[in-house]
Every structure is written in structure tokens, then in C-alpha cells.
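For reference, the structure discussed in these notes is given below.
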Amino acid sequence: MLPDVVDLLRCPHCQARLAPDTGRGGLRCAAGRHTFDIARQGYAGLLAGDAKTGTADTPAMVAARDAFLGAGHYHPIADAVAAHAADTTAPGAVVDVGAGTGHSLARALDAAPSRVGLALDISKYALRRAAKAHPRAGAAACDAWRPLPVRDGAAALVLNVFAPRNPAELRRVLDPRGTLVVVTPAPRHLAELRDALGLLNVDTDKKARLDAALDPYFTPLDAAHVAFPMALGHTDAATVVAMGPSAWHTDPDAVRATLAALPAPVHVRAEVTVSRYAPR
Ligand SMILES: C[S@@+](CC[C@H](N)C(=O)[O-])C[C@H]1O[C@@H](n2cnc3c(N)ncnc32)[C@H](O)[C@@H]1O
Ligand SMILES: [Zn+2]
């Protein structure tokens with residue numbers, strides 16, 4: 001793990017800074033009492049022992065996400081996020097909370113060549129990929145609902161893309177001049193697929209609920225509606241279902257069977273909101 005990335009971290013138990021543990025090869029806190037492993041695949045294990053990892057993306061979801069994002073279908077979303085990384089002038093890193101495979105983070109770092117990045121996630125399958133997502137990024141396992149293992153004010157930019165968010169912690173890790181960028185699905189996101197498969201709908205008040213939840217810590221700056229068509233073959237259409245929240249409630253074979261009956265390609269619109277916030 002890069003020294004500049006280790007420098008962003010703090011001990012999840014006592015909040016002291018972390019440093020390489022030269023004896024063991026992992027990390028150790030400045031208080032000296034707590035040690036952490038760095039997995040063979042390169043991510044730091046900073047998850048408390050009693051953490052509940054039930055919401056972690058499964059190997060199948062992570063593989064689907066990697067395939068779908070790798071094919072470039074969501075590039076317009078990653079580009080909109082990366083444009084904010086290029087604009088940010090505050091000091092600090094790019095920290096992606098619920099980073100998944102590190103796809104958005106990698107594109108943000110390409111747009112911000114002087115910064116390092118940190119991918120946080122609770123899924124070890126996601127972290128294995130995130131740890132290798134970009135030469136200037138590191139990755140750590142943690143629970144986004146608990147205090148993050150990141151020093152106060154270490155981030156110039158915090159990203160949160162279709163992922164859990166704890167407003168107080170997002171604020172704490174952000175430099176006062178920094179920016180929070182949140183991507184949420186808009187009401188019609190993938191509606192054609194959801195209608196065809198009878199899947200859960202997106203909450204139509206998501207943006208209002210997001211602003212309200214963040215309000216004690218953040219003021220909204222702007223929000224862009226990013227919408228674009230995708231022509232998906234049956235395999236890619238099944239993959240986008242397998243990587244999203246519907247994967248928890250659907251049987252992949254049943255999804256594939258229903259999709260096989262639709263004309264190919266399946267025409268689907270992605271519609272998301274990319275919202276920017278300033279810390280209060
Ligand atoms: C829908 S995926 C989005 C991933 C990534 N931001 C992207 O856009 O590709 C949600 C991610 O949140 C992670 N996650 C779920 N619960 C979490 C938690 N409590 N703490 C940290 N990450 C969590 C999942 O493992 C998954 O990688
Ligand atoms: Zn400690």
C-alpha cells in the first residue's frame with residue numbers, strides 16, 4: 001500500500017494514525033496496541049471483528065459489476081463524477097465510500113493526477129479488485145455505517161456512488177473546502193428492465209431524502225441529471241440486474257429466461273442524479 005494512502009488512515013479502535021508495521025508487513029497504530037493485516041490481494045483489513053457484513057456484494061455481484069463497468073456501459077456516469085475530481089482545488093485525497101471494484105475512483109484519479117485515492121468497501125470480493133484499480137489508489141475493508149478508518153479532513157473529494165452513506169462520517173473525513181459527490185438512481189433508471197422483470201422501483205423522492213439526510217452536515221451545490229440510452233444484449237441485460245440491488249431478490253436463471261424472450265438488443269435508459277455538496 002502506498003505510503004501516501006497509509007497516511008490517510010486511522011485506527012478503527014483508538015483513532016490513532018496508522019503506519020506500516022515493519023516487523024509483520026501489515027499496519028500498526030501509533031498507540032501501538034492495534035495491528036491490522038494487509039491481504040495478499042493488497043487491501044487493508046480495518047473491519048471490526050464484530051462487523052455485520054450481510055450487505056457486502058457477493059462474488060457473483062462483484063463479477064457482474066466488473067464485467068458491466070469494464071464494458072464501458074456506465075462511462076457517462078464515471079465521467080460526470082471524474083469532472084468534479086478535476087475541478088476540486090481543496091487539499092487531500094479522493095475517498096470513495098462503498099467503492100465496489102474502484103471503477104469510479106480510478107476514473108476520478110485519472111482526472112486528478114496529483115491526488116491519491118482510497119477505496120472503502122465491506123466486500124472482500126470488491127476490495128480485491130479495488131486494490132488494483134489504479135496505481136495511485138489503495139483499498140481498505142470497513143463498514144460505512146461505523147466510524148470510517150480515515151483521518152479527519154483527509155479527503156478533498158468524497159465519492160459515494162450507489163452506496164451506503166453515513167452523513168456525519170462523510171463530513172468528518174472531508175476537508176472544509178472539499179466536495180462530496182453522490183450518485184443516486186433517478187426514478188426512471190433502468191425502468192424498461194425493471195418493468196419487464198417486475199423488479200423493485202426506485203424511490204421517486206430519493207433526491208429530496210438525500211438532501212434531507214445530508215442537511216445537518218452539507219449544503220447542496222448542484223445536481224446533474226445524467227441520462228443516456230444503452231442497447232444491451234441479453235447477457236449484458238442480465239449482468240446489469242445481477243450487479244444491482246435486485247440481485248438480492250431475483251433468481252439469475254429466471255431473469256435470463258425472461259430476458260431471452262425479449263427482442264435483442266434490449267433498449268434501456270440509465271438515469272442517475274450526480275449531486276454535489278459542500279460541507280457546512
Ligand atoms: C451498488 S454497489 C456500488 C459500488 C460502486 N460504488 C460502483 O458504483 O460500482 C454498493 C457497494 O456498497 C458496498 N457496501 C454495502 N454495504 C456496505 C457497508 N455497510 N459498508 C461499506 N460498503 C458497503 C457493497 O459491497 C458494494 O460494493
Ligand atoms: Zn489503535
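Numbering starts fresh at 1 for the residues of each chain in the C-alpha cells, the chains themselves are lettered A, B, ... in the order given, and ligands are numbered from 1 as they appear.
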
Exercise for the section: Dump the neighbourhood of ligand 2 as a VMD selection string: all residues within 8 Å, distances computed on only C-alpha atoms and all ligand atoms. Expected result: chain A and resid 10 to 18 28 to 35

Residues as selected, C-alpha atoms, written as a PDB file, in the first residue's frame, can you do that?
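Here's the written file again-v6.pdb:
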ATOM      1  CA  ARG A  10      -6.618   5.983  11.302  1.00  0.00           C
ATOM      2  CA  CYS A  11      -7.039   3.120  13.731  1.00  0.00           C
ATOM      3  CA  PRO A  12     -10.657   1.896  13.859  1.00  0.00           C
ATOM      4  CA  HIS A  13     -10.267   1.145  17.593  1.00  0.00           C
ATOM      5  CA  CYS A  14      -8.400   4.148  19.059  1.00  0.00           C
ATOM      6  CA  GLN A  15      -8.340   6.674  16.169  1.00  0.00           C
ATOM      7  CA  ALA A  16      -4.528   7.000  16.266  1.00  0.00           C
ATOM      8  CA  ARG A  17      -2.709   7.266  12.953  1.00  0.00           C
ATOM      9  CA  LEU A  18      -1.681   4.077  11.178  1.00  0.00           C
ATOM     10  CA  ARG A  28       0.044  -0.751  13.254  1.00  0.00           C
ATOM     11  CA  CYS A  29      -1.499   2.217  15.051  1.00  0.00           C
ATOM     12  CA  ALA A  30       0.621   4.946  16.632  1.00  0.00           C
ATOM     13  CA  ALA A  31      -0.699   3.905  20.054  1.00  0.00           C
ATOM     14  CA  GLY A  32       0.952   0.577  19.225  1.00  0.00           C
ATOM     15  CA  ARG A  33      -1.785  -1.631  20.623  1.00  0.00           C
ATOM     16  CA  HIS A  34      -3.635  -2.491  17.418  1.00  0.00           C
ATOM     17  CA  THR A  35      -2.326  -4.291  14.360  1.00  0.00           C
TER      18      THR A  35
END

Practice task
Kindly compile the residues surrounding ligand 1 within 6 Å, counting only C-alpha atoms and all ligand atoms, and format them as a ChimeraX atom specification.
Solution key: /A:55-57,98-100,103,121-123,126,142-145,161-164,244

Exercise for the section: Name the residues in contact with stretch 177-186 of chain A at a cut-off of 6 Å, using only C-alpha atoms, excluding same-chain residues fewer than 3 positions from it; report them as a ChimeraX atom specification. Expected result: /A:90,156-162,174,189,271-278

Exercise for the section: Go through A:Leu197, A:Ile77, A:Met243, A:Ile38 and flag the residue nearest A:Thr58, using only C-alpha atoms for the distances. Expected result: A:Met243

Exercise for the section: Show which residues sit within 9 Å of stretch 255-259 of chain A, as a PyMOL selection string. Count only C-alpha atoms, and ignore same-chain residues fewer than 5 positions away. Expected result: chain A and resi 193+196-197+234-235+237-238+241-242+250+264+266

Those residues you just picked out, can you put them in a file as a PDB file, in the first residue's frame with C-alpha atoms?
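This went into result-v2.pdb:
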ATOM      1  CA  LEU A 193     -35.712  -3.643 -17.487  1.00  0.00           C
ATOM      2  CA  ALA A 196     -40.035  -6.327 -17.988  1.00  0.00           C
ATOM      3  CA  LEU A 197     -38.774  -8.259 -14.971  1.00  0.00           C
ATOM      4  CA  HIS A 234     -29.328 -10.412 -23.357  1.00  0.00           C
ATOM      5  CA  THR A 235     -26.133 -11.214 -21.460  1.00  0.00           C
ATOM      6  CA  ALA A 237     -29.008  -7.002 -19.609  1.00  0.00           C
ATOM      7  CA  ALA A 238     -28.798  -9.959 -17.211  1.00  0.00           C
ATOM      8  CA  VAL A 241     -29.566  -6.893 -12.993  1.00  0.00           C
ATOM      9  CA  ALA A 242     -27.043  -9.235 -11.337  1.00  0.00           C
ATOM     10  CA  THR A 250     -34.103 -12.391  -8.112  1.00  0.00           C
ATOM     11  CA  ALA A 264     -32.335  -8.131 -28.658  1.00  0.00           C
ATOM     12  CA  VAL A 266     -32.834  -4.558 -25.142  1.00  0.00           C
TER      13      VAL A 266
END

Exercise for the section: Using DSSP on the backbone, list every residue of stretch 100-156 of chain A that comes out as helix (DSSP H, G or I), and give them as a ChimeraX atom specification. Expected result: /A:103-111,124-130

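By chain and then residue number, the residues within 10 Å of A:Glu169 are A:Ala144, A:Trp145, A:Arg146, A:Pro147, A:Leu148, A:Pro149, A:Val150, A:Asp152, A:Tyr217, counting only C-alpha atoms and disregarding those fewer than 6 positions away in sequence.
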
Output of the above residues as a PDB file, in the first residue's frame, restricted to all heavy atoms:
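Here's the written file result.pdb:
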ATOM      1  N   ALA A 144     -19.335   1.187   6.261  1.00  0.00           N
ATOM      2  CA  ALA A 144     -19.687   2.592   6.038  1.00  0.00           C
ATOM      3  C   ALA A 144     -20.629   3.138   7.113  1.00  0.00           C
ATOM      4  O   ALA A 144     -20.769   4.349   7.244  1.00  0.00           O
ATOM      5  CB  ALA A 144     -20.329   2.746   4.661  1.00  0.00           C
ATOM      6  N   TRP A 145     -21.278   2.260   7.890  1.00  0.00           N
ATOM      7  CA  TRP A 145     -22.194   2.733   8.949  1.00  0.00           C
ATOM      8  C   TRP A 145     -21.474   3.002  10.259  1.00  0.00           C
ATOM      9  O   TRP A 145     -22.062   3.528  11.202  1.00  0.00           O
ATOM     10  CB  TRP A 145     -23.322   1.714   9.177  1.00  0.00           C
ATOM     11  CG  TRP A 145     -24.168   1.531   7.962  1.00  0.00           C
ATOM     12  CD1 TRP A 145     -24.318   0.378   7.247  1.00  0.00           C
ATOM     13  CD2 TRP A 145     -24.961   2.526   7.294  1.00  0.00           C
ATOM     14  NE1 TRP A 145     -25.157   0.600   6.182  1.00  0.00           N
ATOM     15  CE2 TRP A 145     -25.567   1.911   6.190  1.00  0.00           C
ATOM     16  CE3 TRP A 145     -25.208   3.886   7.524  1.00  0.00           C
ATOM     17  CZ2 TRP A 145     -26.409   2.582   5.310  1.00  0.00           C
ATOM     18  CZ3 TRP A 145     -26.043   4.569   6.649  1.00  0.00           C
ATOM     19  CH2 TRP A 145     -26.640   3.919   5.569  1.00  0.00           C
ATOM     20  N   ARG A 146     -20.227   2.595  10.339  1.00  0.00           N
ATOM     21  CA  ARG A 146     -19.426   2.816  11.547  1.00  0.00           C
ATOM     22  C   ARG A 146     -18.465   3.980  11.274  1.00  0.00           C
ATOM     23  O   ARG A 146     -18.281   4.376  10.130  1.00  0.00           O
ATOM     24  CB  ARG A 146     -18.597   1.555  11.841  1.00  0.00           C
ATOM     25  CG  ARG A 146     -19.432   0.317  12.088  1.00  0.00           C
ATOM     26  CD  ARG A 146     -19.591   0.117  13.575  1.00  0.00           C
ATOM     27  NE  ARG A 146     -20.207  -1.169  13.865  1.00  0.00           N
ATOM     28  CZ  ARG A 146     -19.548  -2.200  14.405  1.00  0.00           C
ATOM     29  NH1 ARG A 146     -18.246  -2.120  14.654  1.00  0.00           N
ATOM     30  NH2 ARG A 146     -20.181  -3.312  14.678  1.00  0.00           N
ATOM     31  N   PRO A 147     -17.778   4.479  12.322  1.00  0.00           N
ATOM     32  CA  PRO A 147     -16.742   5.491  12.069  1.00  0.00           C
ATOM     33  C   PRO A 147     -15.747   4.970  11.029  1.00  0.00           C
ATOM     34  O   PRO A 147     -15.283   3.828  11.117  1.00  0.00           O
ATOM     35  CB  PRO A 147     -16.092   5.673  13.447  1.00  0.00           C
ATOM     36  CG  PRO A 147     -17.190   5.343  14.409  1.00  0.00           C
ATOM     37  CD  PRO A 147     -17.960   4.208  13.747  1.00  0.00           C
ATOM     38  N   LEU A 148     -15.458   5.782  10.024  1.00  0.00           N
ATOM     39  CA  LEU A 148     -14.568   5.338   8.945  1.00  0.00           C
ATOM     40  C   LEU A 148     -13.113   5.357   9.427  1.00  0.00           C
ATOM     41  O   LEU A 148     -12.751   6.227  10.227  1.00  0.00           O
ATOM     42  CB  LEU A 148     -14.723   6.264   7.735  1.00  0.00           C
ATOM     43  CG  LEU A 148     -16.113   6.324   7.101  1.00  0.00           C
ATOM     44  CD1 LEU A 148     -16.161   7.396   5.993  1.00  0.00           C
ATOM     45  CD2 LEU A 148     -16.524   4.969   6.539  1.00  0.00           C
ATOM     46  N   PRO A 149     -12.292   4.448   8.917  1.00  0.00           N
ATOM     47  CA  PRO A 149     -10.888   4.407   9.356  1.00  0.00           C
ATOM     48  C   PRO A 149     -10.028   5.429   8.595  1.00  0.00           C
ATOM     49  O   PRO A 149      -8.970   5.108   8.063  1.00  0.00           O
ATOM     50  CB  PRO A 149     -10.477   2.968   9.015  1.00  0.00           C
ATOM     51  CG  PRO A 149     -11.304   2.635   7.812  1.00  0.00           C
ATOM     52  CD  PRO A 149     -12.622   3.349   8.006  1.00  0.00           C
ATOM     53  N   VAL A 150     -10.542   6.659   8.537  1.00  0.00           N
ATOM     54  CA  VAL A 150      -9.896   7.723   7.749  1.00  0.00           C
ATOM     55  C   VAL A 150      -9.731   8.933   8.666  1.00  0.00           C
ATOM     56  O   VAL A 150     -10.639   9.258   9.442  1.00  0.00           O
ATOM     57  CB  VAL A 150     -10.790   8.093   6.537  1.00  0.00           C
ATOM     58  CG1 VAL A 150     -10.179   9.241   5.744  1.00  0.00           C
ATOM     59  CG2 VAL A 150     -11.004   6.876   5.638  1.00  0.00           C
ATOM     60  N   ASP A 152      -9.518  12.763  10.091  1.00  0.00           N
ATOM     61  CA  ASP A 152     -10.357  13.956   9.910  1.00  0.00           C
ATOM     62  C   ASP A 152      -9.788  14.803   8.776  1.00  0.00           C
ATOM     63  O   ASP A 152      -8.580  15.086   8.748  1.00  0.00           O
ATOM     64  CB  ASP A 152     -10.328  14.843  11.173  1.00  0.00           C
ATOM     65  CG  ASP A 152     -10.970  14.186  12.381  1.00  0.00           C
ATOM     66  OD1 ASP A 152     -11.384  13.007  12.287  1.00  0.00           O
ATOM     67  OD2 ASP A 152     -11.043  14.863  13.425  1.00  0.00           O
ATOM     68  N   TYR A 217     -25.094  18.336   7.766  1.00  0.00           N
ATOM     69  CA  TYR A 217     -23.645  18.382   7.548  1.00  0.00           C
ATOM     70  C   TYR A 217     -23.231  19.022   6.220  1.00  0.00           C
ATOM     71  O   TYR A 217     -22.086  19.412   6.049  1.00  0.00           O
ATOM     72  CB  TYR A 217     -23.060  16.958   7.590  1.00  0.00           C
ATOM     73  CG  TYR A 217     -23.386  16.256   8.859  1.00  0.00           C
ATOM     74  CD1 TYR A 217     -24.483  15.398   8.942  1.00  0.00           C
ATOM     75  CD2 TYR A 217     -22.627  16.479  10.002  1.00  0.00           C
ATOM     76  CE1 TYR A 217     -24.806  14.773  10.130  1.00  0.00           C
ATOM     77  CE2 TYR A 217     -22.941  15.853  11.194  1.00  0.00           C
ATOM     78  CZ  TYR A 217     -24.040  15.004  11.249  1.00  0.00           C
ATOM     79  OH  TYR A 217     -24.361  14.390  12.425  1.00  0.00           O
TER      80      TYR A 217
END

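Residue nearest A:Gly25, chosen from A:Leu232, A:Pro187, A:Arg40, A:Ala112 and counting only C-alpha atoms: A:Arg40.
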
Problem - Atom pair atom CA of A:His84 / atom CA of A:Thr219: separation (Å) - result: 16.2 Å

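Between atom CA of A:His267 and atom CA of A:Met230 the interatomic distance comes to 5.9 Å.
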
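What separates atom CA of A:Trp248 from atom CA of A:Ala168 is a distance of 27.8 Å.
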
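Non-sequential neighbours of A:Ala270 (distance at most 7 Å, separation of 4 or more positions within a chain, only C-alpha atoms) are A:His189, A:Leu190, A:Ala227, A:Phe228, A:Pro229.
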
Put those residues in a file: N, CA, C and O atoms, as a tab-separated table (two decimals), in the first residue's frame.
chain	number	residue	atom	x	y	z
A	189	HIS	N	-34.51	5.14	-13.78
A	189	HIS	CA	-33.27	4.39	-14.04
A	189	HIS	C	-33.59	2.92	-14.36
A	189	HIS	O	-34.23	2.24	-13.56
A	190	LEU	N	-33.17	2.47	-15.54
A	190	LEU	CA	-33.36	1.07	-15.97
A	190	LEU	C	-34.83	0.63	-15.92
A	190	LEU	O	-35.12	-0.55	-15.73
A	227	ALA	N	-28.46	11.09	-18.13
A	227	ALA	CA	-29.33	10.08	-18.72
A	227	ALA	C	-28.80	9.71	-20.09
A	227	ALA	O	-28.36	10.59	-20.84
A	228	PHE	N	-28.82	8.44	-20.41
A	228	PHE	CA	-28.29	8.01	-21.71
A	228	PHE	C	-28.86	6.63	-22.05
A	228	PHE	O	-29.16	5.83	-21.15
A	229	PRO	N	-29.02	6.37	-23.36
A	229	PRO	CA	-29.57	5.08	-23.77
A	229	PRO	C	-28.48	4.01	-23.81
A	229	PRO	O	-27.31	4.31	-24.05

Practice task
From a DSSP calculation on the backbone, collect every residue of stretch 29-234 of chain A in strand (DSSP E) and output the set as a PyMOL selection string.
Solution key: chain A and resi 29+35-36+44-45+93-97+117-121+137-141+155-161+174-185+218-232

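Minimum distance to A:Ala85 across A:Ala108, A:Asp37, A:Ala63, A:His73 (counting only C-alpha atoms) occurs at A:Ala108.
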
Problem - Within 8 Å of A:Ala119 using only C-alpha atoms, minus same-chain residues under 3 positions, as a PyMOL selection string - result: chain A and resi 95-100+102+105+127+130-131+137-140

Writer output for current selection, N, CA, C and O atoms, as a PDB file, in the first residue's frame:
ATOM      1  N   VAL A  95     -11.606   9.933  -1.690  1.00  0.00           N
ATOM      2  CA  VAL A  95     -12.024   8.776  -0.894  1.00  0.00           C
ATOM      3  C   VAL A  95     -13.386   8.327  -1.399  1.00  0.00           C
ATOM      4  O   VAL A  95     -14.333   9.119  -1.438  1.00  0.00           O
ATOM      5  N   ASP A  96     -13.475   7.070  -1.814  1.00  0.00           N
ATOM      6  CA  ASP A  96     -14.721   6.528  -2.371  1.00  0.00           C
ATOM      7  C   ASP A  96     -15.331   5.571  -1.345  1.00  0.00           C
ATOM      8  O   ASP A  96     -14.743   4.527  -1.026  1.00  0.00           O
ATOM      9  N   VAL A  97     -16.491   5.930  -0.816  1.00  0.00           N
ATOM     10  CA  VAL A  97     -17.139   5.136   0.239  1.00  0.00           C
ATOM     11  C   VAL A  97     -18.161   4.195  -0.407  1.00  0.00           C
ATOM     12  O   VAL A  97     -19.113   4.648  -1.039  1.00  0.00           O
ATOM     13  N   GLY A  98     -17.938   2.895  -0.256  1.00  0.00           N
ATOM     14  CA  GLY A  98     -18.755   1.897  -0.964  1.00  0.00           C
ATOM     15  C   GLY A  98     -18.278   1.826  -2.408  1.00  0.00           C
ATOM     16  O   GLY A  98     -19.072   1.841  -3.346  1.00  0.00           O
ATOM     17  N   ALA A  99     -16.960   1.729  -2.562  1.00  0.00           N
ATOM     18  CA  ALA A  99     -16.299   1.915  -3.867  1.00  0.00           C
ATOM     19  C   ALA A  99     -16.503   0.747  -4.819  1.00  0.00           C
ATOM     20  O   ALA A  99     -16.231   0.876  -6.009  1.00  0.00           O
ATOM     21  N   GLY A 100     -16.953  -0.401  -4.317  1.00  0.00           N
ATOM     22  CA  GLY A 100     -17.080  -1.564  -5.195  1.00  0.00           C
ATOM     23  C   GLY A 100     -15.725  -1.930  -5.776  1.00  0.00           C
ATOM     24  O   GLY A 100     -14.729  -2.032  -5.053  1.00  0.00           O
ATOM     25  N   GLY A 102     -13.846  -0.146  -7.550  1.00  0.00           N
ATOM     26  CA  GLY A 102     -12.948   1.011  -7.695  1.00  0.00           C
ATOM     27  C   GLY A 102     -13.029   1.672  -9.051  1.00  0.00           C
ATOM     28  O   GLY A 102     -12.180   2.503  -9.399  1.00  0.00           O
ATOM     29  N   LEU A 105     -13.564   5.508  -8.802  1.00  0.00           N
ATOM     30  CA  LEU A 105     -12.366   6.082  -8.183  1.00  0.00           C
ATOM     31  C   LEU A 105     -11.223   6.157  -9.196  1.00  0.00           C
ATOM     32  O   LEU A 105     -10.525   7.171  -9.282  1.00  0.00           O
ATOM     33  N   LEU A 127     -13.079  -5.524  -2.814  1.00  0.00           N
ATOM     34  CA  LEU A 127     -11.794  -4.924  -2.422  1.00  0.00           C
ATOM     35  C   LEU A 127     -10.609  -5.545  -3.169  1.00  0.00           C
ATOM     36  O   LEU A 127      -9.625  -4.869  -3.447  1.00  0.00           O
ATOM     37  N   ALA A 130     -10.647  -3.540  -6.164  1.00  0.00           N
ATOM     38  CA  ALA A 130     -10.392  -2.118  -5.893  1.00  0.00           C
ATOM     39  C   ALA A 130      -8.922  -1.861  -5.565  1.00  0.00           C
ATOM     40  O   ALA A 130      -8.375  -0.822  -5.935  1.00  0.00           O
ATOM     41  N   ALA A 131      -8.280  -2.815  -4.887  1.00  0.00           N
ATOM     42  CA  ALA A 131      -6.876  -2.626  -4.501  1.00  0.00           C
ATOM     43  C   ALA A 131      -5.976  -2.490  -5.726  1.00  0.00           C
ATOM     44  O   ALA A 131      -4.887  -1.930  -5.649  1.00  0.00           O
ATOM     45  N   ALA A 137      -4.083   4.364  -6.052  1.00  0.00           N
ATOM     46  CA  ALA A 137      -5.158   4.082  -5.086  1.00  0.00           C
ATOM     47  C   ALA A 137      -4.795   2.928  -4.160  1.00  0.00           C
ATOM     48  O   ALA A 137      -4.044   2.028  -4.533  1.00  0.00           O
ATOM     49  N   GLY A 138      -5.348   2.968  -2.961  1.00  0.00           N
ATOM     50  CA  GLY A 138      -5.303   1.847  -2.037  1.00  0.00           C
ATOM     51  C   GLY A 138      -6.730   1.495  -1.659  1.00  0.00           C
ATOM     52  O   GLY A 138      -7.677   2.215  -2.011  1.00  0.00           O
ATOM     53  N   ALA A 139      -6.898   0.389  -0.934  1.00  0.00           N
ATOM     54  CA  ALA A 139      -8.249  -0.051  -0.580  1.00  0.00           C
ATOM     55  C   ALA A 139      -8.244  -0.574   0.852  1.00  0.00           C
ATOM     56  O   ALA A 139      -7.243  -1.126   1.314  1.00  0.00           O
ATOM     57  N   ALA A 140      -9.375  -0.376   1.530  1.00  0.00           N
ATOM     58  CA  ALA A 140      -9.487  -0.869   2.906  1.00  0.00           C
ATOM     59  C   ALA A 140     -10.895  -1.378   3.164  1.00  0.00           C
ATOM     60  O   ALA A 140     -11.878  -0.795   2.695  1.00  0.00           O
TER      61      ALA A 140
END
